[in-house]
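A.B. asks: Dropping a structure here in structure tokens format, bear with me for questions.
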There are 2 protein chains.
Amino acid sequence: MPAIGVAALAKDHLVFFSPSGKRERFPEGTTVLEAARRLGVDLDSVCGGRGICGRCQIVPTEGANPKLGIKSAADHVSPWNAVEARYADKRGALEAGRRLGCQAKVCGDLVIDVPADSQVHRQVVRKRAEAYPVKVDPLVHLHYVEVREPDMHDPSSDFRRLQEALAAQWGLADIHADTAVLKGLQKALRAGDWKVTAAIRKGRDLVALFPGFRDTLRGLAVDIGSTTIAAHLCDLVTGDVLASSGLMNPQIRFGEDLMSRVSYVMMNPGGDAEMTAAVRGALQELAAAVAAEAGIGTDEILEVTVVGNPIMHHLFLGLDPTELGGAPFALTVDGGLEVPAREVGLSLAPGAFVYTLPCIAGHVGADTAGVVLSEGPHLKDEVTLLVDVGTNAEIVLGNRHRLLACSSPTGPAFEGAQIASGQRAAPGAIERLRIDPETLEPRFRVIGSELWSDDAGFPEATAKTGVTGICGSGIIEAVAEMLLAGLVTPDGIVDGTLAARTPRIVAEGRTFAYVIREADASGPRIAVTQGDIRAIQLAKAALYAGIRLLMDHYGAPSLDRITLAGAFGSHIDVKYAMILGLIPDCDLAAVGSAGNAAGTGARIALLNKASRAEIEEVVRRIEKIETALEPAFQAHFVGAMAIPHKSDPFPHLEAALGRVFARGTAPGEPGEGGRGERRRRRG
Amino acid sequence: MPAIGVAALAKDHLVFFSPSGKRERFPEGTTVLEAARRLGVDLDSVCGGRGICGRCQIVPTEGANPKLGIKSAADHVSPWNAVEARYADKRGALEAGRRLGCQAKVCGDLVIDVPADSQVHRQVVRKRAEAYPVKVDPLVHLHYVEVREPDMHDPSSDFRRLQEALAAQWGLADIHADTAVLKGLQKALRAGDWKVTAAIRKGRDLVALFPGFRDTLRGLAVDIGSTTIAAHLCDLVTGDVLASSGLMNPQIRFGEDLMSRVSYVMMNPGGDAEMTAAVRGALQELAAAVAAEAGIGTDEILEVTVVGNPIMHHLFLGLDPTELGGAPFALTVDGGLEVPAREVGLSLAPGAFVYTLPCIAGHVGADTAGVVLSEGPHLKDEVTLLVDVGTNAEIVLGNRHRLLACSSPTGPAFEGAQIASGQRAAPGAIERLRIDPETLEPRFRVIGSELWSDDAGFPEATAKTGVTGICGSGIIEAVAEMLLAGLVTPDGIVDGTLAARTPRIVAEGRTFAYVIREADASGPRIAVTQGDIRAIQLAKAALYAGIRLLMDHYGAPSLDRITLAGAFGSHIDVKYAMILGLIPDCDLAAVGSAGNAAGTGARIALLNKASRAEIEEVVRRIEKIETALEPAFQAHFVGAMAIPHKSDPFPHLEAALGRVFARGTAPGEPGEGGRGERRRRRG
């Protein structure tokens, strides 16, 4: 406690704030809000102490606290007043014991509780056990002000008088506004009868000006994937997601995968501008959709964060992605970027900004930065592996001491492409599959039904969708189950000798296939061919080799945790992924899915301003490993062609399954034909 | 001189720079450029010491300087080297005695002359005697850099490597770039083979990136008038105007004068956007015209400054001017504004900024701020009157101790409107007129010919244009000459009794007119009617009353200097303006025209960065007088209806003319009919 003068002591009272523990003496008549502000206690206010917003609710406690040496009492605050009565009348009664901090005045020693919902910086605790809580501390804040009317004797502009009001009433000096914001200034001031709520960003930029009092603060977190774009409208006060929506990325009409989109740009001058317009148009559409769902206007969206792979990131920003199409994969820009929303074609709050998370390398993008921000490996001691599987796999490995990242060209097999019966994950696709090791008969589930194919009612349940193909998670389970049932050797050869035991093993030229179902009214013939298994082997070997490369560089013989990010990661069964040798051995309890972690990263960057500097700093010190330049990659790749692996041990998995894997030779070695060659870098 | 260690003294040499007078000891082998930089001597360089730009030329002097205690000699600098030879070979020989400061190394005590053209901050001395010199010190500077190529082992982006190069080679940390600039980054780096010239604004923003070496720096100064828009392309190194061009303001199709344009906005929703698009389109056209004239691309224009009256200012910025159409004439924004050029629809250098000068009040705009910046009354002791006459007159009065400003509603009479034979200043318009006091015969000159109407060859010289009407300066001279010839009384009555002496005085209803010429093949009848004289009296009385109001507020019984700004000010003869009583009495030698002072103000703000803060500070302390709220205005107005004035003395003018004016009664007093009423605020 600082030294207090004798004169001050006479009428001053000791005020203690909980849970912050801050305390100080204040003169009689000081409001609790004013006392909190002077001490830097986290107590919210939008209206600046006018009794309008109700954000500064506090609880004066009663009774003696010998430890603190304070005797607090109900009558140590001024009585309930007319402003509080008006507030309760208009906006609903306060909870028992609560007061408005801006009205309750100190008239004796006090212990004040600040409830969690009166704090500016609330914690958003996420559902997953390993996820760390996020503090809600956005860049934009609302400030209600009353502005002096214009006057012939004083020709100062409306904006200058608004600036003066923000300075005088909130201590916000030299507020800046773009012309887009200035455009609506005069109308807002007059519509609000010179009472307005200013949305101020970083204590500096006027983002929007709303007539009258307003206390809702909204932002948008966006994940631009090559295939789909997802947007989440967030409440920047509570941290809640108010509405979510997704859309196919309209760039698909220029090319299914990333590489064909870059090719489109190379072949078609102006093609980048077309794709930029397409993705921005889709984003505006999504913003309108989530705003409508939440019952607000798009002009109430005050801030946006965006993640995406480097090519999506560049196209969204209007940057030509051509250089990302070939070595050395030079990004135009890699840092986190703040740009006015209207500069990237978005019509939201007039001064809204868009923040794009940093890119890690030419093929490890802002989406991976989002995954890192969401999962926080840089905050933990345990050695964590993060894998985001798309047509390229982005891999991050390490802990708070050191982080490494690389990208590995898995190709589109995990998305059901290049698979004979493959399809995208959609209703009707086989997503789960089991094979009876005795009868070698399969049973499966399709997307859209909870029933297994041998359950009663399955034909009826799937009548609408049919059984149309096999998706990424389905093919992984199929190959893994084929290994467990002995239908496939560790080398990845479909064992033709088993044709004697089951009619499901059929010859196709010089190789064999496993028939899951024959064509009928509800769908086509679905089989796993030798080619499918090769495609899956190549894909999983590329991923595994990338992971091993990072483990080598880190010097980590094993992993403490594996987290799979992305849609693919949420749908696959981690056990089957490990049986297939997609990921290294690890305690199965420590292997999980983070869902759309990239999108969660965007949300964190939206809710918490410090997280932006944090992820930018982390990204800068991530060591980037270029798989194409690593001689060891090829050796790891060859070893990983076997299922689960030619030589690497899988003790945790073997213990969990109660069996020991046979080890194959590597069929991907040179001489095995064109299939073993390195895949093109991008899918 | 700071203390120097013994070890250093052994091989150090004393270097003295002229004209700065800075001196210091430097180790043998230090380049002169390096020495200049360490001492903060103003020595230019664009290439950063690579011997490419030739901006750092210096002259090592010879001989002993006892006063300085230095003996300088030609061999106290290293010999002419290969880089200098290459420079001279490619870019022309250096002047005798000159060296490249980046190549010449210190090897003995030296006195170094820095020629004016090697200084970054050159003085631009303007032609008019009273104009103060302007230091060329723009916001944008060029920096040549060599950037590291991308590398698979280092995934840093092209922009990050450019940032690193700017930091390492120029000490410019954390350079920022908008997406518009980032868009062309990769192409520029590759086109320049990783050697580029960066245009950096305020040491912070990348405005443009040019492949290879470049040392030309261009900016545009713009004056948006209600009638015409003028643009000057300036060299930001020398301060020279490279090309100028003007265009009719295309907003004229929405309304001739300001007030009718505001009405258009009020009547037509979206009308402001139409006018904004029109003025921006015209500006882009002008930029293209001056760029073409100078043989450059518009993408080489790196900075723009704009002046204009409040309504032009607001419409250019995309701000609705409706509030400026009525009391209390509230501006949206009054401060100087920096906005990205592309945000105001201009396609110049990708990161170019536009600076609009501050507005003083709702009807005293950035154009008047430009006049103040150009004329600098705030720098002088003499009490200066600045008058910019359009359909509204803007008036500034004061000196470095105090400045006042007001606007007075003169109406369009001075532009030839509301005058029976009036027309805009254009070829064929009478601009000069004399009346023989004996014969009462007029002679005149028209725009487009230097001959007087009684000169031989006048009909031939004016055959093309004809004699079509009388413009603002013509009507002023006509009325003043009519007063001097006794054709008009001091009260402004055309003396009908003189019809007896000359057939040129003719009755028109109950009043009389003076016929300058009768209709013939070369043009219509041109006469000065009683109504014309009333219109001129009302206009000049409004102007004079505004000036007197400021003199009252200032407490200035007389003026030290009167400067007329704008096109009107450049065309009128100041003596006639004073005879008419348009301006108060003053030493005629101290009354002059500043030409397009508003445009000059824009040019100064373009060339000299400090001038922006200066004019913003000056504008903030200008005291704004609202004529409509001043009871004294009406009395001043009534007194000023007489020619030259009912009571104010004109000693300087009377001395110059060698005659004393008779004083009239004021015909504008109440009861004189509707003509004496206050004019609408805006023309």
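We label chains A, B, ... in the order they appear in the structure tokens, count residues from 1 in each chain, and number ligands from 1 in the order shown.
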Applying 12 Å and only C-alpha atoms, which residues near Ala177 of chain A remain after dropping the ones on its own chain fewer than 5 positions away? List them as a PDB file with C-alpha atoms, in the first residue's frame.
C.D. replies:
```
ATOM      1  CA  PHE A 159     -15.165  14.178 -36.238  1.00  0.00           C
ATOM      2  CA  ARG A 160     -13.087  16.577 -34.150  1.00  0.00           C
ATOM      3  CA  LEU A 162     -16.182  13.061 -31.535  1.00  0.00           C
ATOM      4  CA  GLN A 163     -12.427  12.839 -30.988  1.00  0.00           C
ATOM      5  CA  LEU A 182     -16.045   9.133 -41.840  1.00  0.00           C
ATOM      6  CA  LYS A 183     -18.630   8.633 -44.585  1.00  0.00           C
ATOM      7  CA  GLY A 184     -21.319   7.557 -42.130  1.00  0.00           C
ATOM      8  CA  LEU A 185     -20.213   9.767 -39.243  1.00  0.00           C
ATOM      9  CA  ALA A 198     -17.805   4.051 -31.036  1.00  0.00           C
ATOM     10  CA  ALA A 199     -16.077   0.784 -31.874  1.00  0.00           C
ATOM     11  CA  ILE A 200     -12.392   1.523 -31.350  1.00  0.00           C
ATOM     12  CA  ARG A 201      -9.632  -0.804 -32.466  1.00  0.00           C
ATOM     13  CA  GLY A 203      -7.298   2.243 -28.832  1.00  0.00           C
ATOM     14  CA  ARG A 204      -6.607   4.070 -32.065  1.00  0.00           C
ATOM     15  CA  ASP A 205      -8.874   3.376 -35.050  1.00  0.00           C
ATOM     16  CA  LEU A 206     -12.569   4.122 -35.250  1.00  0.00           C
ATOM     17  CA  VAL A 207     -13.988   0.995 -36.852  1.00  0.00           C
ATOM     18  CA  ALA A 208     -17.689   1.824 -36.699  1.00  0.00           C
ATOM     19  CA  LEU A 209     -19.985   4.350 -35.100  1.00  0.00           C
ATOM     20  CA  PRO A 340      -8.857  -3.092 -44.096  1.00  0.00           C
ATOM     21  CA  PRO A 350     -16.881   0.339 -42.535  1.00  0.00           C
ATOM     22  CA  GLY A 351     -13.524   0.314 -40.744  1.00  0.00           C
ATOM     23  CA  ALA A 352     -13.321  -3.428 -40.051  1.00  0.00           C
TER      24      ALA A 352
ATOM     25  CA  THR B 332     -17.457  15.881 -41.311  1.00  0.00           C
ATOM     26  CA  VAL B 333     -13.735  16.258 -40.819  1.00  0.00           C
ATOM     27  CA  GLY B 335      -7.943  18.049 -40.052  1.00  0.00           C
ATOM     28  CA  LEU B 337      -6.082  13.754 -43.963  1.00  0.00           C
ATOM     29  CA  GLU B 338      -3.795  11.081 -45.369  1.00  0.00           C
ATOM     30  CA  VAL B 339      -5.580   8.423 -47.363  1.00  0.00           C
TER      31      VAL B 339
END
```
A.B. asks: Please report, as a Markdown table, each residue of chain A lying at most 6 Å from chain B, together with the nearest pair of atoms and the separation in Å rounded to one decimal; use only C-alpha atoms, and order rows by chain and ascending residue number.
C.D. replies:
```
| residue | atom | partner | partner_atom | distance |
| --- | --- | --- | --- | --- |
| A:Asp151 | CA | B:Pro328 | CA | 5.7 |
| A:Met152 | CA | B:Pro328 | CA | 5.0 |
| A:Pro155 | CA | B:Ala361 | CA | 4.9 |
| A:Ser157 | CA | B:Leu331 | CA | 4.5 |
| A:Asp158 | CA | B:Thr332 | CA | 5.1 |
| A:Phe159 | CA | B:Val333 | CA | 5.2 |
| A:Lys183 | CA | B:Leu319 | CA | 5.0 |
| A:Leu319 | CA | B:Lys183 | CA | 5.0 |
| A:Pro328 | CA | B:Met152 | CA | 4.9 |
| A:Ala330 | CA | B:Ser157 | CA | 5.7 |
| A:Leu331 | CA | B:Ser157 | CA | 4.5 |
| A:Thr332 | CA | B:Asp158 | CA | 5.1 |
| A:Val333 | CA | B:Ser157 | CA | 5.0 |
| A:Asp334 | CA | B:Ser157 | CA | 5.4 |
| A:Ala361 | CA | B:Pro155 | CA | 4.9 |
```
A.B. asks: Based on the selection just made, write N, CA and C atoms of those residues as a JSON list (two decimals), in the first residue's frame.
C.D. replies:
```
[["chain", "number", "residue", "atom", "x", "y", "z"],
["A", 151, "ASP", "N", -21.86, 24.12, -33.82],
["A", 151, "ASP", "CA", -22.21, 25.45, -33.34],
["A", 151, "ASP", "C", -21.55, 26.44, -34.31],
["A", 152, "MET", "N", -22.32, 27.42, -34.73],
["A", 152, "MET", "CA", -21.79, 28.41, -35.68],
["A", 152, "MET", "C", -20.56, 29.12, -35.12],
["A", 155, "PRO", "N", -16.35, 26.30, -35.51],
["A", 155, "PRO", "CA", -16.47, 25.55, -36.76],
["A", 155, "PRO", "C", -15.80, 24.18, -36.73],
["A", 157, "SER", "N", -15.10, 20.32, -36.80],
["A", 157, "SER", "CA", -15.87, 19.30, -37.52],
["A", 157, "SER", "C", -16.52, 18.31, -36.56],
["A", 158, "ASP", "N", -17.49, 17.58, -37.08],
["A", 158, "ASP", "CA", -18.13, 16.54, -36.28],
["A", 158, "ASP", "C", -17.11, 15.52, -35.78],
["A", 159, "PHE", "N", -16.16, 15.17, -36.64],
["A", 159, "PHE", "CA", -15.16, 14.18, -36.24],
["A", 159, "PHE", "C", -14.28, 14.73, -35.12],
["A", 183, "LYS", "N", -17.47, 8.54, -43.70],
["A", 183, "LYS", "CA", -18.63, 8.63, -44.59],
["A", 183, "LYS", "C", -19.96, 8.59, -43.82],
["A", 319, "LEU", "N", -2.85, -11.74, -54.07],
["A", 319, "LEU", "CA", -1.45, -11.92, -54.47],
["A", 319, "LEU", "C", -1.34, -13.11, -55.42],
["A", 328, "PRO", "N", 11.76, -22.20, -55.71],
["A", 328, "PRO", "CA", 11.85, -22.49, -54.27],
["A", 328, "PRO", "C", 10.61, -22.10, -53.47],
["A", 330, "ALA", "N", 8.61, -19.46, -53.20],
["A", 330, "ALA", "CA", 8.74, -18.20, -52.46],
["A", 330, "ALA", "C", 7.39, -17.55, -52.23],
["A", 331, "LEU", "N", 7.05, -17.37, -50.97],
["A", 331, "LEU", "CA", 5.87, -16.60, -50.59],
["A", 331, "LEU", "C", 6.11, -15.13, -50.92],
["A", 332, "THR", "N", 5.05, -14.41, -51.26],
["A", 332, "THR", "CA", 5.19, -12.95, -51.35],
["A", 332, "THR", "C", 5.39, -12.38, -49.96],
["A", 333, "VAL", "N", 4.56, -12.84, -49.02],
["A", 333, "VAL", "CA", 4.61, -12.29, -47.67],
["A", 333, "VAL", "C", 4.33, -13.44, -46.71],
["A", 334, "ASP", "N", 4.99, -13.45, -45.57],
["A", 334, "ASP", "CA", 4.76, -14.56, -44.63],
["A", 334, "ASP", "C", 4.23, -14.10, -43.27],
["A", 361, "ALA", "N", 5.80, -21.41, -44.26],
["A", 361, "ALA", "CA", 6.69, -21.60, -45.41],
["A", 361, "ALA", "C", 5.82, -21.66, -46.66]]
```
A.B. asks: Give the answer as one residue: which of B:Ile526, B:Ile395, B:Val241, B:Leu538 has the shortest atom-to-atom distance to Ser421 of chain B, using only C-alpha atoms?
C.D. replies: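 When distances to Ser421 of chain B are compared using only C-alpha atoms, the smallest one comes from B:Ile526.
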A.B. asks: Applying 9 Å and only C-alpha atoms, which residues near Leu217 of chain B remain after dropping the ones on its own chain fewer than 2 positions away? List them as a short mmCIF file (atom, residue, chain, number, x, y, z; two decimals) with C-alpha atoms, in the first residue's frame.
C.D. replies:
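Final output, saved to selection_10.cif:
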```cif
data_model
loop_
_atom_site.label_atom_id
_atom_site.label_comp_id
_atom_site.auth_asym_id
_atom_site.auth_seq_id
_atom_site.Cartn_x
_atom_site.Cartn_y
_atom_site.Cartn_z
CA VAL B 140 8.92 9.74 -49.88
CA HIS B 141 12.54 8.74 -50.47
CA LEU B 142 14.14 6.23 -52.79
CA ALA B 199 10.08 4.19 -52.53
CA ARG B 214 15.97 4.55 -60.22
CA ASP B 215 16.44 8.07 -58.97
CA GLY B 219 4.38 13.85 -56.93
CA CYS B 234 6.38 17.98 -59.45
CA ASP B 235 9.89 16.65 -59.20
CA LEU B 236 10.32 15.79 -55.52
CA VAL B 237 14.10 16.10 -55.78
CA GLU B 300 5.52 6.70 -60.93
CA ILE B 301 3.41 9.30 -59.08
CA LEU B 302 4.26 8.55 -55.47
#
```
A.B. asks: Could you go through segment 404-572 of chain A and tell me which residues DSSP, when run on the backbone, assigns to strand (DSSP E or B), listing them as a PyMOL selection string?
C.D. replies: chain A and resi 404-408+422+429-435+442-446+469-470+488+494+505-508+511-517+520+523+526-528+561-565
A.B. asks: Excluding segment 102-119 of chain B and residues on its chain fewer than 5 positions from it, collect all residues at most 6 Å away from it, counting only C-alpha atoms, and give them as an MDAnalysis selection string.
C.D. replies: chainID B and resid 13:18 28:33 42:44 49 55:61 72 76:78
A.B. asks: Those same residues - C-alpha atoms - I'd like them written as a short mmCIF file (atom, residue, chain, number, x, y, z; two decimals), in the first residue's frame.
C.D. replies:
```cif
data_model
loop_
_atom_site.label_atom_id
_atom_site.label_comp_id
_atom_site.auth_asym_id
_atom_site.auth_seq_id
_atom_site.Cartn_x
_atom_site.Cartn_y
_atom_site.Cartn_z
CA HIS B 13 42.21 12.62 -39.89
CA LEU B 14 40.19 15.74 -39.28
CA VAL B 15 37.36 16.21 -41.79
CA PHE B 16 35.48 19.48 -42.01
CA PHE B 17 32.26 19.80 -44.03
CA SER B 18 31.15 23.03 -45.64
CA GLU B 28 41.98 6.50 -42.53
CA GLY B 29 39.91 4.84 -45.27
CA THR B 30 36.50 6.11 -44.15
CA THR B 31 34.50 7.20 -47.20
CA VAL B 32 33.40 10.81 -47.30
CA LEU B 33 29.75 9.64 -47.53
CA ASP B 42 23.09 16.67 -45.51
CA LEU B 43 24.63 14.60 -48.34
CA ASP B 44 22.24 12.72 -50.63
CA GLY B 49 27.15 4.03 -51.61
CA ARG B 55 23.94 12.01 -55.76
CA CYS B 56 26.76 12.20 -53.22
CA GLN B 57 29.13 14.35 -55.25
CA ILE B 58 31.53 16.41 -53.13
CA VAL B 59 34.46 18.73 -53.71
CA PRO B 60 37.65 18.16 -51.68
CA THR B 61 39.28 21.60 -51.38
CA SER B 72 43.45 20.12 -46.97
CA HIS B 76 44.25 13.68 -48.82
CA VAL B 77 41.51 11.67 -50.53
CA SER B 78 42.04 8.31 -52.20
#
```
A.B. asks: Could you pull the residues within 9 Å of segment 554-564 of chain B, counting only C-alpha atoms, minus those fewer than 6 positions along the same chain, as an MDAnalysis selection string?
C.D. replies: chainID B and resid 375 382:389 397:398 402:404 570 574 583:595 597
A.B. asks: Suppose we keep C-alpha atoms; can you now write the selection as a tab-separated table (two decimals), in the first residue's frame?
C.D. replies:
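Just written: selection18.tsv:
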```tsv
chain	number	residue	atom	x	y	z
B	375	GLU	CA	1.71	33.23	-48.38
B	382	GLU	CA	3.23	42.75	-41.06
B	383	VAL	CA	-0.53	42.62	-40.86
B	384	THR	CA	-1.50	40.86	-44.06
B	385	LEU	CA	-4.88	40.52	-45.69
B	386	LEU	CA	-5.38	37.49	-47.93
B	387	VAL	CA	-8.47	37.45	-50.10
B	388	ASP	CA	-9.54	34.60	-52.35
B	389	VAL	CA	-12.54	35.73	-54.37
B	397	LEU	CA	-6.16	38.54	-41.83
B	398	GLY	CA	-3.32	38.82	-39.35
B	402	ARG	CA	-2.75	36.13	-34.53
B	403	LEU	CA	-4.77	35.08	-37.57
B	404	LEU	CA	-8.48	35.45	-38.26
B	570	SER	CA	-4.56	37.60	-60.88
B	574	VAL	CA	-5.54	46.17	-57.83
B	583	ILE	CA	-10.51	46.20	-50.59
B	584	PRO	CA	-9.52	48.75	-47.94
B	585	ASP	CA	-6.94	51.42	-48.49
B	586	CYS	CA	-3.31	50.29	-48.48
B	587	ASP	CA	-0.01	51.29	-50.00
B	588	LEU	CA	-0.59	50.20	-53.59
B	589	ALA	CA	2.97	48.86	-53.76
B	590	ALA	CA	2.01	46.37	-51.02
B	591	VAL	CA	-1.09	45.16	-52.85
B	592	GLY	CA	-0.56	42.30	-55.25
B	593	SER	CA	-1.72	39.06	-56.62
B	594	ALA	CA	-0.40	35.68	-55.53
B	595	GLY	CA	-1.80	33.85	-58.52
B	597	ALA	CA	-1.86	30.49	-54.11
```
A.B. asks: If DSSP is run on the backbone, what residues of segment 143-248 of chain B are helix (DSSP H, G or I)? A reply as a compact mmCIF listing (two decimals) with N, CA and C atoms, in the first residue's frame would be ideal.
C.D. replies:
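Printed below is selection-v7.txt as written:
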```
# COMPACT_ATOMS: atom_id res chain seq x y z
N ASP B 158 9.51 -13.24 -49.93
CA ASP B 158 10.20 -12.18 -50.66
C ASP B 158 10.12 -10.86 -49.90
N PHE B 159 8.97 -10.58 -49.34
CA PHE B 159 8.81 -9.31 -48.62
C PHE B 159 9.72 -9.27 -47.39
N ARG B 160 9.83 -10.39 -46.70
CA ARG B 160 10.68 -10.41 -45.51
C ARG B 160 12.15 -10.18 -45.90
N ARG B 161 12.56 -10.76 -47.01
CA ARG B 161 13.95 -10.55 -47.43
C ARG B 161 14.17 -9.11 -47.90
N LEU B 162 13.14 -8.53 -48.50
CA LEU B 162 13.24 -7.10 -48.85
C LEU B 162 13.33 -6.25 -47.58
N GLN B 163 12.52 -6.59 -46.60
CA GLN B 163 12.57 -5.87 -45.32
C GLN B 163 13.96 -5.96 -44.70
N GLU B 164 14.51 -7.17 -44.75
CA GLU B 164 15.85 -7.37 -44.17
C GLU B 164 16.88 -6.53 -44.90
N ALA B 165 16.75 -6.46 -46.25
CA ALA B 165 17.71 -5.68 -47.03
C ALA B 165 17.59 -4.20 -46.69
N LEU B 166 16.36 -3.72 -46.55
CA LEU B 166 16.16 -2.30 -46.22
C LEU B 166 16.69 -1.98 -44.82
N ALA B 167 16.54 -2.94 -43.93
CA ALA B 167 17.04 -2.74 -42.57
C ALA B 167 18.57 -2.75 -42.57
N ALA B 168 19.15 -3.72 -43.26
CA ALA B 168 20.61 -3.87 -43.22
C ALA B 168 21.30 -2.78 -44.02
N GLN B 169 20.74 -2.43 -45.19
CA GLN B 169 21.44 -1.51 -46.08
C GLN B 169 21.05 -0.05 -45.85
N TRP B 170 19.90 0.20 -45.20
CA TRP B 170 19.47 1.58 -45.01
C TRP B 170 19.00 1.89 -43.59
N THR B 179 -1.39 -4.53 -49.34
CA THR B 179 -1.52 -5.63 -50.31
C THR B 179 -1.38 -5.10 -51.74
N ALA B 180 -1.81 -3.87 -51.98
CA ALA B 180 -1.69 -3.30 -53.33
C ALA B 180 -0.22 -3.23 -53.76
N VAL B 181 0.66 -2.98 -52.80
CA VAL B 181 2.09 -2.91 -53.11
C VAL B 181 2.67 -4.33 -53.16
N LEU B 182 2.23 -5.16 -52.24
CA LEU B 182 2.73 -6.55 -52.21
C LEU B 182 2.41 -7.28 -53.52
N LEU B 185 5.21 -7.14 -55.91
CA LEU B 185 6.53 -7.32 -55.31
C LEU B 185 7.37 -8.40 -56.00
N GLN B 186 6.76 -9.56 -56.19
CA GLN B 186 7.56 -10.67 -56.73
C GLN B 186 8.03 -10.38 -58.14
N LYS B 187 7.15 -9.79 -58.95
CA LYS B 187 7.54 -9.47 -60.33
C LYS B 187 8.68 -8.45 -60.36
N ALA B 188 8.57 -7.41 -59.52
CA ALA B 188 9.60 -6.36 -59.51
C ALA B 188 10.95 -6.93 -59.10
N LEU B 189 10.95 -7.78 -58.08
CA LEU B 189 12.21 -8.36 -57.60
C LEU B 189 12.87 -9.20 -58.69
N ARG B 190 12.05 -9.97 -59.41
CA ARG B 190 12.61 -10.84 -60.43
C ARG B 190 13.00 -10.04 -61.68
N ALA B 191 12.19 -9.04 -62.02
CA ALA B 191 12.53 -8.21 -63.18
C ALA B 191 13.84 -7.46 -62.95
```
A.B. asks: Show which residues sit within 7 Å of segment 480-494 of chain B, as a list in words. Count only C-alpha atoms, and ignore same-chain residues fewer than 3 positions away.
C.D. replies: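 Here the qualifying residues turn out to be Arg434, Ile435, Pro437, Leu440, Ile476, Glu477, Phe512, Ala513, Gln530, Ile533, Tyr576, Ile579, Leu580, Ala642, Ile643, Ala662, Arg663, Gly664, Thr665, Ala666 and Pro667 of chain B.
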A.B. asks: Take the residues from that selection and put them in a file with C-alpha atoms, as a compact mmCIF listing (two decimals), in the first residue's frame.
C.D. replies:
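Final file, out.txt:
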```
# COMPACT_ATOMS: atom_id res chain seq x y z
CA ARG B 434 -10.91 53.16 -69.75
CA ILE B 435 -13.29 56.12 -70.07
CA PRO B 437 -13.34 61.95 -68.63
CA LEU B 440 -16.89 60.01 -71.92
CA ILE B 476 -14.76 46.27 -62.01
CA GLU B 477 -12.77 48.60 -64.23
CA PHE B 512 -29.90 54.65 -67.04
CA ALA B 513 -27.20 52.52 -68.64
CA GLN B 530 -27.94 50.30 -63.18
CA ILE B 533 -23.78 48.47 -60.70
CA TYR B 576 -9.34 49.57 -59.73
CA ILE B 579 -11.16 52.56 -56.38
CA LEU B 580 -14.25 50.39 -56.35
CA ALA B 642 -20.88 53.49 -51.49
CA ILE B 643 -18.01 53.76 -53.99
CA ALA B 662 -16.64 62.45 -52.86
CA ARG B 663 -18.57 60.43 -50.30
CA GLY B 664 -22.06 59.17 -51.08
CA THR B 665 -24.92 58.03 -48.94
CA ALA B 666 -25.52 54.36 -48.74
CA PRO B 667 -28.06 53.15 -51.28
```
A.B. asks: Measuring between only C-alpha atoms, which one of A:Ala393, A:Met267, A:Ala173, A:Ala288 shows the shortest distance to Cys406 of chain A?
C.D. replies: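 Looking at the shortest contact to Cys406 of chain A, the residue is A:Ala393.
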A.B. asks: Near Ala545 of chain B, within 12 Å and counting only C-alpha atoms, which residues show up once chain neighbours fewer than 4 positions away are dropped, as a PyMOL selection string?
C.D. replies: chain B and resi 393+395+406-410+537-541+549-552+581-584+627-628+630-642+645+648+678
